[in-house]
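The structure appears below as structure tokens.
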Amino acid sequence: MGDPIRVTVWNEFKHEKHNQSIADIYPDGIHGAIADGLRKIGGVEVGVATLDQPEQGLTQSTLDGTDVLIWWSHAAHNEVQDGIVDRVYARVMDGMGIILLHSTQGAKIFTKLLGTTGTLKWRESGEKERLWVVAPGHPIAEGLDEYFEIEETEMYGEFFDIPTPDTLVFISWFPGGEVFRSGCCFYRGKGKIFYFRPGHETHPIFFNENVRKVLGNAVKWAKPGKLPNITLRNVNVQPLEEI
Ligand code: ZN
């Protein structure tokens, strides 16, 4: 079994406080629903953190004790202080995994890690989403069928301004005609990044059994392994062999 994976679920926690219909869907916050899903899968030690906490919920000691950080933000991207973003970025470079959910494509940490705008097309239509597994051997797809569906959601469509993913695990199809790269793996520094599209706040996405399965798989994939001792700076070295 090994040690439990230490997960921190971070949420800006705005919609649930300011919109009753969203609070009715997520009475314990989006972070609470995600944490609950992970605990039911097991093998994890889950903490939650929110923007309104001291140091925006992301103190150095919280991050140092986190193997995988899950991030949900939407309305308050710009309230996150640059110093906190730098701190999260440094931990990813040092091996912490990070899972970026849904509208987090507009967050500072997304842009800092991936270097692109993350812009996309969207429509609040309540239409169905069909997520196709396009990397069936990938650990994030473990236990899924060849596709799964979310009955009602917000549409995201291409072009999605991201670097070409190191592995693309899911492509979404929407009845309105659009497609979207909805499960994307990236490596940055020693860290692993997974972007996962589902998660619009006006639908109970984080109670969906397959979404929960994906998040459980993604946490296991993104956790730091026994990493090589690599320094992320320029180093003047002596040759290993005589030259
Ligand atoms: Zn949304």
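The way I read the labels, and the way they are meant: chains A, B, ... in the order of the structure tokens, residue 1 as the first residue of every chain, and ligand 1 as the first ligand shown, with later ones counted on from there.
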
Cut-off 10 Å, only C-alpha atoms and all ligand atoms, neighbours of ligand 1 as a short mmCIF file (atom, residue, chain, number, x, y, z; two decimals) with N, CA and C atoms, in the first residue's frame:
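The file below, result_15.cif, is the result:
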```
data_model
loop_
_atom_site.label_atom_id
_atom_site.label_comp_id
_atom_site.auth_asym_id
_atom_site.auth_seq_id
_atom_site.Cartn_x
_atom_site.Cartn_y
_atom_site.Cartn_z
N SER A 73 -10.52 27.28 -9.54
CA SER A 73 -10.81 28.71 -9.42
C SER A 73 -11.53 29.18 -10.68
N HIS A 74 -12.22 30.33 -10.52
CA HIS A 74 -13.00 30.86 -11.63
C HIS A 74 -13.18 32.37 -11.51
N ALA A 75 -13.89 32.81 -10.44
CA ALA A 75 -14.25 34.23 -10.31
C ALA A 75 -13.12 35.07 -9.72
N LEU A 101 -8.32 22.18 -12.56
CA LEU A 101 -9.68 21.81 -12.94
C LEU A 101 -10.41 22.91 -13.70
N HIS A 102 -11.07 22.51 -14.79
CA HIS A 102 -12.08 23.31 -15.45
C HIS A 102 -11.63 24.76 -15.71
N SER A 103 -12.30 25.73 -15.06
CA SER A 103 -12.04 27.14 -15.33
C SER A 103 -10.68 27.62 -14.81
N THR A 104 -9.96 26.74 -14.16
CA THR A 104 -8.59 27.08 -13.75
C THR A 104 -7.72 27.39 -14.97
N TRP A 122 -16.74 28.81 -25.05
CA TRP A 122 -17.59 28.24 -24.01
C TRP A 122 -19.05 28.59 -24.27
N ARG A 123 -19.93 27.80 -23.63
CA ARG A 123 -21.38 28.03 -23.77
C ARG A 123 -22.05 27.39 -22.56
N GLU A 124 -22.84 28.17 -21.84
CA GLU A 124 -23.58 27.62 -20.69
C GLU A 124 -24.92 27.12 -21.18
N THR A 153 -23.77 19.86 -18.63
CA THR A 153 -22.58 20.64 -18.26
C THR A 153 -22.46 21.88 -19.12
N GLU A 154 -21.45 22.67 -18.83
CA GLU A 154 -21.07 23.80 -19.67
C GLU A 154 -20.17 23.25 -20.78
N MET A 155 -20.30 23.82 -21.98
CA MET A 155 -19.45 23.39 -23.10
C MET A 155 -18.17 24.19 -23.11
N TYR A 156 -17.05 23.50 -23.35
CA TYR A 156 -15.78 24.15 -23.71
C TYR A 156 -15.40 23.62 -25.09
N ARG A 197 -11.01 18.97 -17.66
CA ARG A 197 -12.02 19.97 -18.01
C ARG A 197 -13.30 19.99 -17.17
N PRO A 198 -13.91 18.82 -16.85
CA PRO A 198 -15.19 18.87 -16.15
C PRO A 198 -15.11 19.68 -14.84
N GLY A 199 -16.27 20.24 -14.44
CA GLY A 199 -16.25 20.93 -13.15
C GLY A 199 -17.06 22.21 -13.07
N HIS A 200 -17.96 22.46 -14.01
CA HIS A 200 -18.70 23.71 -13.91
C HIS A 200 -19.58 23.74 -12.66
N GLU A 201 -19.57 24.90 -12.00
CA GLU A 201 -20.13 25.02 -10.64
C GLU A 201 -21.65 24.88 -10.56
N THR A 202 -22.36 25.08 -11.68
CA THR A 202 -23.83 24.99 -11.60
C THR A 202 -24.35 23.58 -11.86
N HIS A 203 -23.46 22.62 -11.99
CA HIS A 203 -23.84 21.22 -12.16
C HIS A 203 -23.08 20.36 -11.15
#
```

- Using backbone DSSP assignments, extract all helix (DSSP H, G or I) residues from segment 88-133 of chain A; output them as a PyMOL selection string. chain A and resi 88-93+102-106+108-114

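Taking only C-alpha atoms into account, Gly115 of chain A lies nearest to A:Phe186 out of the set A:Gly97, A:Val48, A:Phe186, A:Lys223.
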
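Of the listed residues (A:Val88, A:Leu114, A:Ala107, A:Met96), A:Ala107 comes nearest to Ala76 of chain A; the distances count only C-alpha atoms.
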
- Task: Using only C-alpha atoms, determine which residues lie at most 10 Å from segment 212-219 of chain A, disregarding the query and same-chain residues fewer than 4 positions distant; provide the list as a PyMOL selection string.
- Result: chain A and resi 5-7+33-44+67-70+97-99+101+138-144+183+185+192-196+205-208+223-224

- Message: Residues within 12 Å of Ala23 of chain A, please, as a ChimeraX atom specification. Count only C-alpha atoms; anything in the same chain fewer than 4 positions from it doesn't count.
- Response: /A:13-19,27-30,32-33,201-204

Hey, can you spit out that residue selection with all heavy atoms as a CSV table (one decimal), in the first residue's frame?
```csv
chain,number,residue,atom,x,y,z
A,13,PHE,N,-13.6,29.2,-3.5
A,13,PHE,CA,-14.8,29.2,-2.6
A,13,PHE,C,-15.5,30.5,-2.6
A,13,PHE,O,-15.8,31.1,-1.6
A,13,PHE,CB,-14.3,28.9,-1.2
A,13,PHE,CG,-15.4,28.4,-0.3
A,13,PHE,CD1,-16.5,27.8,-0.7
A,13,PHE,CD2,-15.2,28.5,1.1
A,13,PHE,CE1,-17.5,27.3,0.1
A,13,PHE,CE2,-16.2,28.1,2.0
A,13,PHE,CZ,-17.3,27.5,1.5
A,14,LYS,N,-15.9,30.9,-3.8
A,14,LYS,CA,-16.7,32.2,-4.0
A,14,LYS,C,-18.2,31.9,-4.4
A,14,LYS,O,-19.1,32.3,-3.8
A,14,LYS,CB,-16.1,33.1,-5.1
A,14,LYS,CG,-14.7,33.6,-4.7
A,14,LYS,CD,-14.8,34.8,-3.8
A,14,LYS,CE,-13.4,35.4,-3.6
A,14,LYS,NZ,-13.4,36.4,-2.6
A,15,HIS,N,-18.3,31.1,-5.5
A,15,HIS,CA,-19.7,30.9,-6.0
A,15,HIS,C,-20.6,30.2,-4.9
A,15,HIS,O,-21.8,30.6,-4.8
A,15,HIS,CB,-19.7,29.9,-7.2
A,15,HIS,CG,-18.9,30.4,-8.4
A,15,HIS,ND1,-19.3,31.6,-9.0
A,15,HIS,CD2,-17.9,29.9,-9.1
A,15,HIS,CE1,-18.5,31.8,-10.0
A,15,HIS,NE2,-17.6,30.8,-10.1
A,16,GLU,N,-20.0,29.3,-4.1
A,16,GLU,CA,-20.9,28.6,-3.1
A,16,GLU,C,-21.3,29.6,-2.0
A,16,GLU,O,-22.3,29.3,-1.4
A,16,GLU,CB,-20.1,27.4,-2.5
A,16,GLU,CG,-19.5,26.4,-3.5
A,16,GLU,CD,-18.1,26.8,-3.9
A,16,GLU,OE1,-17.8,27.9,-4.1
A,16,GLU,OE2,-17.3,25.8,-3.9
A,17,LYS,N,-20.6,30.7,-1.8
A,17,LYS,CA,-21.0,31.6,-0.8
A,17,LYS,C,-21.9,32.7,-1.3
A,17,LYS,O,-22.6,33.3,-0.5
A,17,LYS,CB,-19.7,32.2,-0.2
A,17,LYS,CG,-19.0,31.3,0.8
A,17,LYS,CD,-17.9,31.9,1.6
A,17,LYS,CE,-16.7,32.2,0.8
A,17,LYS,NZ,-15.5,32.5,1.7
A,18,HIS,N,-21.9,32.9,-2.6
A,18,HIS,CA,-22.6,34.1,-3.1
A,18,HIS,C,-23.8,33.7,-4.0
A,18,HIS,O,-24.6,34.5,-4.4
A,18,HIS,CB,-21.7,35.0,-3.9
A,18,HIS,CG,-20.6,35.5,-3.1
A,18,HIS,ND1,-19.3,35.5,-3.6
A,18,HIS,CD2,-20.5,36.0,-1.9
A,18,HIS,CE1,-18.5,36.0,-2.6
A,18,HIS,NE2,-19.2,36.3,-1.6
A,19,ASN,N,-24.0,32.4,-4.2
A,19,ASN,CA,-25.1,32.0,-5.1
A,19,ASN,C,-25.8,30.7,-4.4
A,19,ASN,O,-25.2,29.7,-4.3
A,19,ASN,CB,-24.5,31.6,-6.5
A,19,ASN,CG,-25.6,31.2,-7.5
A,19,ASN,OD1,-26.6,30.5,-7.1
A,19,ASN,ND2,-25.4,31.7,-8.7
A,27,PRO,N,-23.1,21.9,-0.8
A,27,PRO,CA,-23.2,22.5,0.6
A,27,PRO,C,-21.9,22.5,1.3
A,27,PRO,O,-21.8,23.4,2.2
A,27,PRO,CB,-24.2,21.5,1.2
A,27,PRO,CG,-24.3,20.3,0.4
A,27,PRO,CD,-23.9,20.7,-1.0
A,28,ASP,N,-21.0,21.6,1.0
A,28,ASP,CA,-19.7,21.7,1.7
A,28,ASP,C,-18.6,22.3,0.8
A,28,ASP,O,-17.4,22.1,1.0
A,28,ASP,CB,-19.2,20.3,2.1
A,28,ASP,CG,-20.2,19.6,3.1
A,28,ASP,OD1,-20.7,20.3,4.0
A,28,ASP,OD2,-20.6,18.5,2.9
A,29,GLY,N,-19.0,23.0,-0.2
A,29,GLY,CA,-18.1,23.6,-1.2
A,29,GLY,C,-17.7,22.6,-2.2
A,29,GLY,O,-17.8,21.4,-2.0
A,30,ILE,N,-17.2,23.1,-3.3
A,30,ILE,CA,-16.6,22.3,-4.4
A,30,ILE,C,-15.5,21.5,-3.8
A,30,ILE,O,-15.3,20.3,-4.1
A,30,ILE,CB,-16.2,23.1,-5.6
A,30,ILE,CG1,-17.5,23.6,-6.4
A,30,ILE,CG2,-15.3,22.3,-6.5
A,30,ILE,CD1,-17.2,24.6,-7.5
A,32,GLY,N,-15.1,20.5,-0.8
A,32,GLY,CA,-15.6,19.4,0.1
A,32,GLY,C,-16.1,18.2,-0.7
A,32,GLY,O,-15.8,17.1,-0.3
A,33,ALA,N,-16.7,18.5,-1.8
A,33,ALA,CA,-17.2,17.3,-2.7
A,33,ALA,C,-16.0,16.6,-3.3
A,33,ALA,O,-16.0,15.3,-3.3
A,33,ALA,CB,-18.1,17.9,-3.8
A,201,GLU,N,-19.6,24.9,-12.0
A,201,GLU,CA,-20.1,25.0,-10.6
A,201,GLU,C,-21.6,24.9,-10.6
A,201,GLU,O,-22.2,24.6,-9.5
A,201,GLU,CB,-19.7,26.4,-10.0
A,201,GLU,CG,-20.2,27.6,-10.7
A,201,GLU,CD,-19.4,28.1,-11.9
A,201,GLU,OE1,-18.5,27.4,-12.3
A,201,GLU,OE2,-19.8,29.2,-12.4
A,202,THR,N,-22.4,25.1,-11.7
A,202,THR,CA,-23.8,25.0,-11.6
A,202,THR,C,-24.3,23.6,-11.9
A,202,THR,O,-25.6,23.4,-11.9
A,202,THR,CB,-24.5,26.0,-12.6
A,202,THR,OG1,-24.1,25.6,-13.9
A,202,THR,CG2,-24.1,27.4,-12.3
A,203,HIS,N,-23.5,22.6,-12.0
A,203,HIS,CA,-23.8,21.2,-12.2
A,203,HIS,C,-23.1,20.4,-11.1
A,203,HIS,O,-21.9,20.7,-10.8
A,203,HIS,CB,-23.5,20.7,-13.6
A,203,HIS,CG,-24.2,21.5,-14.7
A,203,HIS,ND1,-25.5,21.4,-14.9
A,203,HIS,CD2,-23.7,22.5,-15.5
A,203,HIS,CE1,-25.9,22.3,-15.9
A,203,HIS,NE2,-24.8,22.9,-16.3
A,204,PRO,N,-23.7,19.3,-10.7
A,204,PRO,CA,-23.0,18.4,-9.6
A,204,PRO,C,-21.9,17.5,-10.2
A,204,PRO,O,-21.9,16.3,-9.9
A,204,PRO,CB,-24.2,17.6,-9.1
A,204,PRO,CG,-25.2,17.5,-10.2
A,204,PRO,CD,-25.0,18.7,-11.1
```

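Considering the residues A:Val133, A:Leu51, A:Val211, A:Val179 and counting only C-alpha atoms, Trp72 of chain A has its shortest atom-to-atom contact with A:Leu51.
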
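When only C-alpha atoms are used to measure the gap to Leu168 of chain A, the shortest distance among A:Gly65, A:Gly118, A:Gly137, A:Gly191 belongs to A:Gly137.
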
- Task: Find the spatial neighbours of segment 232-239 of chain A, counting only C-alpha atoms, within a cut-off of 10 Å - ignore same-chain residues fewer than 4 positions away - and output them as a list in words.
- Result: Met93, Asp94, Gly189, Lys190 and Ile243 of chain A

Produce a file of the selected residues containing N, CA, C and O atoms, as a compact mmCIF listing (two decimals), in the first residue's frame.
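Printed below is out10.txt as written:
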```txt
# COMPACT_ATOMS: atom_id res chain seq x y z
N MET A 93 7.90 22.64 -9.59
CA MET A 93 9.23 22.42 -10.16
C MET A 93 10.01 21.40 -9.31
O MET A 93 10.81 20.63 -9.81
N ASP A 94 9.71 21.39 -8.02
CA ASP A 94 10.43 20.49 -7.10
C ASP A 94 9.74 19.13 -6.96
O ASP A 94 10.16 18.31 -6.15
N GLY A 189 9.59 20.79 -14.89
CA GLY A 189 10.55 20.54 -13.81
C GLY A 189 10.45 19.09 -13.39
O GLY A 189 10.44 18.18 -14.21
N LYS A 190 10.34 18.85 -12.07
CA LYS A 190 10.17 17.48 -11.59
C LYS A 190 8.69 17.14 -11.38
O LYS A 190 8.35 16.07 -10.90
N ILE A 243 38.43 12.78 -21.02
CA ILE A 243 38.22 13.20 -22.43
C ILE A 243 39.48 13.88 -22.98
O ILE A 243 40.34 14.31 -22.23
```
